[in-house]
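Below is protein.pdb, holding PDB, C-alpha atoms.
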MODEL        1
ATOM      1  CA  GLN A 205     183.861 123.883 159.566
ATOM      2  CA  GLN A 206     184.688 122.929 155.989
ATOM      3  CA  ARG A 207     182.931 125.071 153.389
ATOM      4  CA  PRO A 208     181.158 123.478 150.405
ATOM      5  CA  HIS A 209     183.507 122.592 147.569
ATOM      6  CA  TRP A 210     181.579 124.877 145.226
ATOM      7  CA  THR A 211     182.629 127.957 147.233
ATOM      8  CA  HIS A 212     186.215 127.710 146.004
ATOM      9  CA  PRO A 213     187.297 130.125 143.225
ATOM     10  CA  LEU A 214     186.573 129.217 139.605
ATOM     11  CA  PRO A 215     188.016 130.655 136.394
ATOM     12  CA  PRO A 216     186.119 133.603 134.838
ATOM     13  CA  SER A 217     183.062 132.503 132.833
ATOM     14  CA  GLY A 218     182.359 135.540 130.676
ATOM     15  CA  LEU A 219     179.287 136.576 132.715
ATOM     16  CA  GLY A 220     180.989 139.693 134.037
ATOM     17  CA  ALA A 221     179.504 141.906 131.322
ATOM     18  CA  MET A 222     175.923 141.345 132.571
ATOM     19  CA  ASP A 223     174.422 144.097 134.729
ATOM     20  CA  HIS A 224     172.323 143.526 137.848
ATOM     21  CA  ASP A 225     168.930 143.489 136.103
ATOM     22  CA  SER A 226     170.173 141.037 133.475
ATOM     23  CA  LEU A 227     171.551 138.702 136.128
ATOM     24  CA  VAL A 228     168.283 138.829 138.090
ATOM     25  CA  CYS A 229     166.298 137.960 134.961
ATOM     26  CA  LYS A 230     168.712 135.158 134.150
ATOM     27  CA  VAL A 231     168.385 133.550 137.581
ATOM     28  CA  LYS A 232     164.586 133.879 137.587
ATOM     29  CA  GLU A 233     164.308 132.379 134.124
ATOM     30  CA  LEU A 234     166.500 129.432 135.087
ATOM     31  CA  GLN A 235     164.330 128.754 138.131
ATOM     32  CA  LYS A 236     161.190 128.750 135.983
ATOM     33  CA  THR A 237     162.546 126.398 133.342
ATOM     34  CA  ASP A 238     164.812 124.115 135.372
ATOM     35  CA  PRO A 239     163.499 122.532 138.623
ATOM     36  CA  LEU A 240     167.006 121.394 139.528
ATOM     37  CA  CYS A 241     168.335 124.934 139.173
ATOM     38  CA  LYS A 242     165.543 126.161 141.436
ATOM     39  CA  GLU A 243     166.705 123.794 144.166
ATOM     40  CA  GLN A 244     170.342 124.727 143.573
ATOM     41  CA  TRP A 245     169.448 128.393 144.001
ATOM     42  CA  ALA A 246     167.571 127.595 147.218
ATOM     43  CA  LYS A 247     170.568 125.763 148.650
ATOM     44  CA  TYR A 248     172.971 128.474 147.517
ATOM     45  CA  THR A 249     170.927 131.242 149.136
ATOM     46  CA  VAL A 250     170.614 129.312 152.401
ATOM     47  CA  THR A 251     174.347 128.625 152.491
ATOM     48  CA  GLU A 252     175.656 131.959 151.240
ATOM     49  CA  GLY A 253     172.801 134.468 151.245
ATOM     50  CA  GLY A 254     171.041 134.190 154.585
ATOM     51  CA  GLY A 255     168.094 132.344 153.057
ATOM     52  CA  THR A 256     166.912 135.276 150.915
ATOM     53  CA  LYS A 257     165.602 133.713 147.702
ATOM     54  CA  ASP A 258     164.648 136.865 145.789
ATOM     55  CA  PRO A 259     167.454 137.395 143.229
ATOM     56  CA  ALA A 260     166.754 141.135 143.116
ATOM     57  CA  LYS A 261     167.836 141.451 146.755
ATOM     58  CA  HIS A 262     171.341 140.159 146.047
ATOM     59  CA  ASP A 263     174.219 142.074 144.505
ATOM     60  CA  VAL A 264     175.917 141.457 141.174
ATOM     61  CA  SER A 265     178.792 139.432 142.587
ATOM     62  CA  PHE A 266     176.427 137.058 144.434
ATOM     63  CA  LEU A 267     174.304 136.422 141.327
ATOM     64  CA  HIS A 268     177.339 136.172 139.096
ATOM     65  CA  ARG A 269     178.891 133.639 141.442
ATOM     66  CA  PHE A 270     175.786 131.436 141.403
ATOM     67  CA  LEU A 271     175.669 131.319 137.619
ATOM     68  CA  GLU A 272     179.325 130.329 137.550
ATOM     69  CA  ILE A 273     179.171 127.475 140.047
ATOM     70  CA  ARG A 274     175.564 126.228 139.944
ATOM     71  CA  GLY A 275     176.624 123.099 138.067
ATOM     72  CA  LEU A 276     178.709 122.100 141.090
ATOM     73  CA  ILE A 277     175.916 122.508 143.640
ATOM     74  CA  GLU A 278     174.594 119.087 144.604
ATOM     75  CA  VAL A 279     171.023 118.824 145.850
ATOM     76  CA  THR A 280     169.906 115.781 147.807
ATOM     77  CA  GLY A 281     167.288 114.954 150.402
ATOM     78  CA  ALA A 282     165.059 117.955 151.076
ATOM     79  CA  TYR A 283     166.595 119.796 148.126
ATOM     80  CA  ALA A 284     166.184 117.022 145.552
ATOM     81  CA  SER A 285     163.604 117.495 142.818
ATOM     82  CA  CYS A 286     161.455 114.722 141.427
ATOM     83  CA  SER A 287     160.575 114.945 137.754
ATOM     84  CA  LEU A 288     157.108 114.042 136.519
ATOM     85  CA  ALA A 289     158.542 110.941 134.855
ATOM     86  CA  ASP A 290     160.089 109.918 138.190
ATOM     87  CA  PHE A 291     156.721 110.419 139.863
ATOM     88  CA  PHE A 292     154.996 108.155 137.318
ATOM     89  CA  ARG A 293     157.707 105.530 137.646
ATOM     90  CA  GLU A 294     157.454 105.478 141.446
ATOM     91  CA  ALA A 295     153.643 105.450 141.348
ATOM     92  CA  CYS A 296     153.702 102.445 139.018
ATOM     93  CA  LYS A 297     155.963 100.618 141.475
ATOM     94  CA  LEU A 298     153.789 101.361 144.491
ATOM     95  CA  SER A 299     150.333 101.028 142.934
ATOM     96  CA  PRO A 300     149.423  98.169 140.560
ATOM     97  CA  THR A 301     146.156  99.993 139.836
ATOM     98  CA  PHE A 302     147.985 103.161 138.804
ATOM     99  CA  LYS A 303     150.308 101.092 136.631
ATOM    100  CA  GLN A 304     147.352  99.492 134.854
ATOM    101  CA  ALA A 305     145.565 102.842 134.501
ATOM    102  CA  TRP A 306     148.686 104.362 132.927
ATOM    103  CA  LYS A 307     148.941 101.455 130.481
ATOM    104  CA  VAL A 308     145.259 101.624 129.500
ATOM    105  CA  TYR A 309     145.419 105.401 129.057
ATOM    106  CA  ARG A 310     148.567 105.177 126.942
ATOM    107  CA  GLN A 311     147.049 102.538 124.661
ATOM    108  CA  GLY A 312     143.725 104.334 124.378
ATOM    109  CA  MET A 313     145.307 107.663 123.488
ATOM    110  CA  GLY A 314     147.692 106.164 120.943
ATOM    111  CA  GLU A 315     150.759 107.319 122.848
ATOM    112  CA  SER A 316     154.258 105.900 122.496
ATOM    113  CA  PRO A 317     154.218 102.078 122.764
ATOM    114  CA  SER A 318     156.660 102.249 125.674
ATOM    115  CA  ASP A 319     155.447 102.102 129.279
ATOM    116  CA  ASP A 320     158.570 104.002 130.348
ATOM    117  CA  PRO A 321     157.367 107.485 131.458
ATOM    118  CA  SER A 322     160.703 109.033 130.470
ATOM    119  CA  ARG A 323     159.886 108.283 126.813
ATOM    120  CA  HIS A 324     156.821 110.529 126.973
ATOM    121  CA  SER A 325     156.725 114.316 126.949
ATOM    122  CA  ARG A 326     155.874 116.312 130.045
ATOM    123  CA  ASP A 327     152.630 117.444 128.385
ATOM    124  CA  ALA A 328     151.644 113.822 127.701
ATOM    125  CA  LEU A 329     152.279 112.855 131.328
ATOM    126  CA  THR A 330     150.399 115.908 132.588
ATOM    127  CA  ASN A 331     147.393 115.055 130.414
ATOM    128  CA  ALA A 332     147.460 111.450 131.617
ATOM    129  CA  LEU A 333     147.578 112.520 135.253
ATOM    130  CA  GLU A 334     144.701 114.958 134.786
ATOM    131  CA  PHE A 335     142.605 112.356 132.946
ATOM    132  CA  MET A 336     143.122 109.714 135.640
ATOM    133  CA  ALA A 337     142.389 112.218 138.410
ATOM    134  CA  GLN A 338     139.147 113.274 136.722
ATOM    135  CA  ALA A 339     138.135 109.642 136.214
ATOM    136  CA  GLY A 340     138.821 108.874 139.868
ATOM    137  CA  LEU A 341     136.890 111.930 141.035
ATOM    138  CA  THR A 342     133.940 110.978 138.844
ATOM    139  CA  MET A 343     133.845 107.476 140.310
ATOM    140  CA  MET A 344     134.062 108.802 143.870
ATOM    141  CA  THR A 345     131.271 111.274 143.190
ATOM    142  CA  MET A 346     129.016 108.623 141.673
ATOM    143  CA  GLY A 347     129.738 106.364 144.619
ATOM    144  CA  GLY A 348     128.802 109.031 147.137
ATOM    145  CA  MET A 349     132.319 109.304 148.595
ATOM    146  CA  THR A 350     132.666 112.967 147.758
ATOM    147  CA  THR A 351     131.094 115.692 145.702
ATOM    148  CA  PRO A 352     132.770 118.305 143.481
ATOM    149  CA  GLU A 353     132.743 121.760 145.014
ATOM    150  CA  GLU A 354     130.398 123.046 142.309
ATOM    151  CA  ALA A 355     127.716 120.593 143.394
ATOM    152  CA  TRP A 356     127.424 122.372 146.739
ATOM    153  CA  GLN A 357     126.886 125.820 145.283
ATOM    154  CA  PRO A 358     123.390 127.370 145.292
ATOM    155  CA  GLY A 359     121.549 126.675 142.058
ATOM    156  CA  ALA A 360     123.656 123.631 141.177
ATOM    157  CA  LYS A 361     121.812 121.053 139.091
ATOM    158  CA  ARG A 362     120.713 118.064 141.154
ATOM    159  CA  LEU A 363     120.182 114.513 140.010
ATOM    160  CA  LYS A 364     116.721 113.124 140.679
ATOM    161  CA  SER A 365     116.674 111.160 143.903
ATOM    162  CA  ASP A 366     116.028 107.446 143.479
ATOM    163  CA  THR A 367     113.881 106.246 146.369
ATOM    164  CA  SER A 368     112.813 102.994 144.748
ATOM    165  CA  GLY A 369     113.630  99.994 146.860
ATOM    166  CA  LEU A 370     113.775 101.919 150.142
ATOM    167  CA  ASP A 371     112.019 100.341 153.080
ATOM    168  CA  PRO A 372     109.040 102.324 154.449
ATOM    169  CA  ALA A 373     110.873 103.444 157.595
ATOM    170  CA  LYS A 374     113.794 104.949 155.674
ATOM    171  CA  LEU A 375     111.504 106.458 153.051
ATOM    172  CA  THR A 376     109.701 108.290 155.842
ATOM    173  CA  LEU A 377     112.988 109.734 157.100
ATOM    174  CA  VAL A 378     114.056 110.744 153.587
ATOM    175  CA  ASN A 379     110.759 112.501 152.931
ATOM    176  CA  LYS A 380     110.982 114.358 156.248
ATOM    177  CA  VAL A 381     114.403 115.716 155.300
ATOM    178  CA  LYS A 382     113.117 116.764 151.880
ATOM    179  CA  GLU A 383     110.118 118.535 153.367
ATOM    180  CA  PHE A 384     112.395 120.247 155.867
ATOM    181  CA  GLN A 385     114.543 121.616 153.026
ATOM    182  CA  LYS A 386     111.483 122.958 151.225
ATOM    183  CA  SER A 387     110.506 125.028 154.249
ATOM    184  CA  GLY A 388     113.151 127.686 153.595
ATOM    185  CA  ASP A 389     116.658 128.585 152.466
ATOM    186  CA  GLU A 390     117.990 128.445 156.020
ATOM    187  CA  GLN A 391     116.665 124.919 156.444
ATOM    188  CA  LYS A 392     118.073 123.877 153.078
ATOM    189  CA  GLN A 393     121.495 125.237 154.030
ATOM    190  CA  ALA A 394     121.351 123.373 157.346
ATOM    191  CA  TRP A 395     120.914 120.087 155.495
ATOM    192  CA  TRP A 396     123.629 120.914 152.972
ATOM    193  CA  SER A 397     126.064 121.682 155.782
ATOM    194  CA  PHE A 398     125.237 118.411 157.511
ATOM    195  CA  ALA A 399     125.597 116.441 154.267
ATOM    196  CA  GLN A 400     128.894 118.084 153.349
ATOM    197  CA  MET A 401     130.261 117.452 156.840
ATOM    198  CA  HIS A 402     129.618 113.742 156.322
ATOM    199  CA  GLY A 403     131.218 113.771 152.859
ATOM    200  CA  LEU A 404     128.083 112.629 151.049
ATOM    201  CA  SER A 405     125.810 114.057 148.364
ATOM    202  CA  LYS A 406     122.775 116.231 149.033
ATOM    203  CA  ASP A 407     120.442 113.298 148.370
ATOM    204  CA  PRO A 408     118.990 112.097 151.707
ATOM    205  CA  ALA A 409     118.427 108.651 150.187
ATOM    206  CA  ARG A 410     122.207 108.103 150.186
ATOM    207  CA  PHE A 411     122.429 108.420 153.965
ATOM    208  CA  GLU A 412     122.092 105.747 156.606
ATOM    209  CA  ASP A 413     118.967 105.708 158.756
ATOM    210  CA  LEU A 414     120.927 106.714 161.857
ATOM    211  CA  GLN A 415     122.404 109.731 160.069
ATOM    212  CA  LEU A 416     118.969 110.899 158.950
ATOM    213  CA  GLN A 417     117.629 110.408 162.462
ATOM    214  CA  GLU A 418     120.565 112.370 163.861
ATOM    215  CA  PHE A 419     119.874 115.313 161.566
ATOM    216  CA  LEU A 420     116.129 115.315 162.191
ATOM    217  CA  ALA A 421     116.702 115.096 165.941
ATOM    218  CA  MET A 422     119.020 118.111 165.742
ATOM    219  CA  GLN A 423     116.210 120.014 164.043
ATOM    220  CA  GLY A 424     113.630 118.911 166.619
ATOM    221  CA  MET A 425     111.696 116.826 164.100
ATOM    222  CA  LEU A 426     111.852 113.485 165.928
TER     223      LEU A 426
ENDMDL
END

Just give me the structure of the file as structure tokens.
Amino acid sequence: QQRPHWTHPLPPSGLGAMDHDSLVCKVKELQKTDPLCKEQWAKYTVTEGGGTKDPAKHDVSFLHRFLEIRGLIEVTGAYASCSLADFFREACKLSPTFKQAWKVYRQGMGESPSDDPSRHSRDALTNALEFMAQAGLTMMTMGGMTTPEEAWQPGAKRLKSDTSGLDPAKLTLVNKVKEFQKSGDEQKQAWWSFAQMHGLSKDPARFEDLQLQEFLAMQGML
């Protein structure tokens, strides 16, 4: 079997003066600052080092060799790294909504006039991604699709339930659930568990009649 082309001898690089600890620190630092180097190290250790990724567990010659030839190690497929700019570019291609959100965010924050993610810093892209994720989570929470983890913790502040406009039959079910919760902490936790399982808020008014009936039947209240 033909060995990778990067295993052939290369001229000395001047790294020979570094001791083991220095080489370990060098490899670790490169992995932290360069995603491509991290993948190159992973491929190198699988091919030449039995899959052991901890630099400290390899000898000087192994580490020295990697630093000499890492520029020749090609990473593709499972080894390939995707930069944040690449992620934004691909997301814009696949999602028109994401593309529009990125454009609106960029204009609103006074960022570079270019829509090309590669023209923006990593920090700018990270902030944009976090902002859009928070906005999406807020909309999902308001719509009853999900609830932030904090909202399910004991003592979390609850929004006042809006029961206006409910038909009498549903209002009766909602009030039964509320009274059940008031009867004790165990009962309150039972409702919270049921609500969380269905991915909705704690407010009984947000549930369908059949869901409320299901819960009340489970508690022997129907």

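CA of Val231 (chain A) is positioned 11.1 Å from CA of Phe266 (chain A).
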
Just so the selection is clear, what residues does the PyMOL selection byres ((chain A and resi 320-328) around 12) cover here, as a PyMOL selection string? chain A and resi 287-297+303+306-307+309-310+313-319+329-335

Would you compute an axis-aligned box for region 409-424 of chain A, covering every atom listed for it in the file with 3 Å of margin on each side, and report centre and edge lengths in Å to one decimal as JSON?
{"center_x": 118.0, "center_y": 112.9, "center_z": 158.4, "size_x": 14.8, "size_y": 20.3, "size_z": 22.4}

Would you kindly return, as an mmCIF file with C-alpha atoms, in the frame of the given file, each protein, DNA or RNA residue with an atom no farther than 12 Å from any atom of Leu420 (chain A), considering all atoms listed in the file and excluding same-chain residues fewer than 4 positions away?
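Listed below is the output, result04.cif:
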data_model
loop_
_atom_site.group_PDB
_atom_site.id
_atom_site.type_symbol
_atom_site.label_atom_id
_atom_site.label_comp_id
_atom_site.auth_asym_id
_atom_site.auth_seq_id
_atom_site.Cartn_x
_atom_site.Cartn_y
_atom_site.Cartn_z
ATOM 1 C CA THR A 376 109.701 108.290 155.842
ATOM 2 C CA LEU A 377 112.988 109.734 157.100
ATOM 3 C CA VAL A 378 114.056 110.744 153.587
ATOM 4 C CA ASN A 379 110.759 112.501 152.931
ATOM 5 C CA LYS A 380 110.982 114.358 156.248
ATOM 6 C CA VAL A 381 114.403 115.716 155.300
ATOM 7 C CA LYS A 382 113.117 116.764 151.880
ATOM 8 C CA GLU A 383 110.118 118.535 153.367
ATOM 9 C CA PHE A 384 112.395 120.247 155.867
ATOM 10 C CA GLN A 385 114.543 121.616 153.026
ATOM 11 C CA GLN A 391 116.665 124.919 156.444
ATOM 12 C CA ALA A 394 121.351 123.373 157.346
ATOM 13 C CA TRP A 395 120.914 120.087 155.495
ATOM 14 C CA PHE A 398 125.237 118.411 157.511
ATOM 15 C CA PRO A 408 118.990 112.097 151.707
ATOM 16 C CA ASP A 413 118.967 105.708 158.756
ATOM 17 C CA LEU A 414 120.927 106.714 161.857
ATOM 18 C CA GLN A 415 122.404 109.731 160.069
ATOM 19 C CA LEU A 416 118.969 110.899 158.950
ATOM 20 C CA GLY A 424 113.630 118.911 166.619
ATOM 21 C CA MET A 425 111.696 116.826 164.100
ATOM 22 C CA LEU A 426 111.852 113.485 165.928
#

Just the number, please: distance in Å from CA of Ser226 (chain A) to CA of Val250 (chain A), one decimal.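 One can read the CA of Ser226 (chain A) to CA of Val250 (chain A) distance as 22.3 Å.
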
Evaluate the PyMOL selection byres ((chain A and resi 241) around 10) and record the selected residues as number ranges by chain, following the chain and residue labels used in the document. A: 231-240, 242-247, 271, 274-275, 277, 279, 285

Pick from A:Ser265, A:Thr249, A:Thr256, A:Ser397 nearest to Asp223 (chain A), counting all atoms listed in the file: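 Looking at the shortest contact to Asp223 (chain A), the residue is A:Ser265.
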
Nearest residue to Met222 (chain A) out of A:Pro300, A:Leu267, A:Glu412, A:Trp396, using all atoms listed in the file?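 Closest to Met222 (chain A) of all the choices is A:Leu267.
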
So the first atom is CA of Leu375 (chain A) and the second is CA of Arg410 (chain A); what is the distance between them in Å, to one decimal place? 11.2 Å

For region 255-272 of chain A, supply N, CA, C and O atoms and format the output as a compact mmCIF listing (two decimals), keeping the file's coordinate frame.
# COMPACT_ATOMS: atom_id res chain seq x y z
N GLY A 255 169.42 132.89 153.32
CA GLY A 255 168.09 132.34 153.06
C GLY A 255 167.20 133.22 152.21
O GLY A 255 166.05 132.87 151.94
N THR A 256 167.71 134.38 151.76
CA THR A 256 166.91 135.28 150.92
C THR A 256 166.89 134.76 149.49
O THR A 256 167.92 134.72 148.81
N LYS A 257 165.70 134.36 149.01
CA LYS A 257 165.60 133.71 147.70
C LYS A 257 165.34 134.68 146.55
O LYS A 257 165.49 134.31 145.39
N ASP A 258 164.94 135.89 146.85
CA ASP A 258 164.65 136.86 145.79
C ASP A 258 165.96 137.33 145.15
O ASP A 258 166.76 138.01 145.80
N PRO A 259 166.19 137.00 143.88
CA PRO A 259 167.45 137.40 143.23
C PRO A 259 167.69 138.90 143.25
O PRO A 259 168.84 139.35 143.32
N ALA A 260 166.62 139.68 143.18
CA ALA A 260 166.75 141.14 143.12
C ALA A 260 167.35 141.72 144.39
O ALA A 260 167.84 142.85 144.39
N LYS A 261 167.32 140.95 145.48
CA LYS A 261 167.84 141.45 146.76
C LYS A 261 169.30 141.09 146.98
O LYS A 261 169.85 141.35 148.05
N HIS A 262 169.92 140.49 145.96
CA HIS A 262 171.34 140.16 146.05
C HIS A 262 172.13 141.02 145.07
O HIS A 262 171.60 141.46 144.04
N ASP A 263 173.41 141.22 145.38
CA ASP A 263 174.22 142.07 144.50
C ASP A 263 174.75 141.30 143.30
O ASP A 263 174.57 140.08 143.19
N VAL A 264 175.43 142.03 142.43
CA VAL A 264 175.92 141.46 141.17
C VAL A 264 176.88 140.30 141.42
O VAL A 264 176.78 139.25 140.76
N SER A 265 177.78 140.47 142.36
CA SER A 265 178.79 139.43 142.59
C SER A 265 178.16 138.13 143.08
O SER A 265 178.58 137.03 142.70
N PHE A 266 177.11 138.25 143.91
CA PHE A 266 176.43 137.06 144.43
C PHE A 266 175.73 136.30 143.31
O PHE A 266 175.83 135.08 143.20
N LEU A 267 175.02 137.04 142.45
CA LEU A 267 174.30 136.42 141.33
C LEU A 267 175.28 135.84 140.31
O LEU A 267 175.09 134.73 139.80
N HIS A 268 176.32 136.61 140.04
CA HIS A 268 177.34 136.17 139.10
C HIS A 268 177.99 134.88 139.57
O HIS A 268 178.21 133.94 138.79
N ARG A 269 178.26 134.82 140.86
CA ARG A 269 178.89 133.64 141.44
C ARG A 269 178.00 132.40 141.29
O ARG A 269 178.47 131.32 140.94
N PHE A 270 176.71 132.57 141.53
CA PHE A 270 175.79 131.44 141.40
C PHE A 270 175.78 130.88 139.98
O PHE A 270 175.83 129.67 139.77
N LEU A 271 175.71 131.77 139.01
CA LEU A 271 175.67 131.32 137.62
C LEU A 271 176.96 130.61 137.21
O LEU A 271 176.95 129.74 136.34
N GLU A 272 178.05 130.97 137.86
CA GLU A 272 179.32 130.33 137.55
C GLU A 272 179.41 128.92 138.12
O GLU A 272 179.92 128.00 137.47
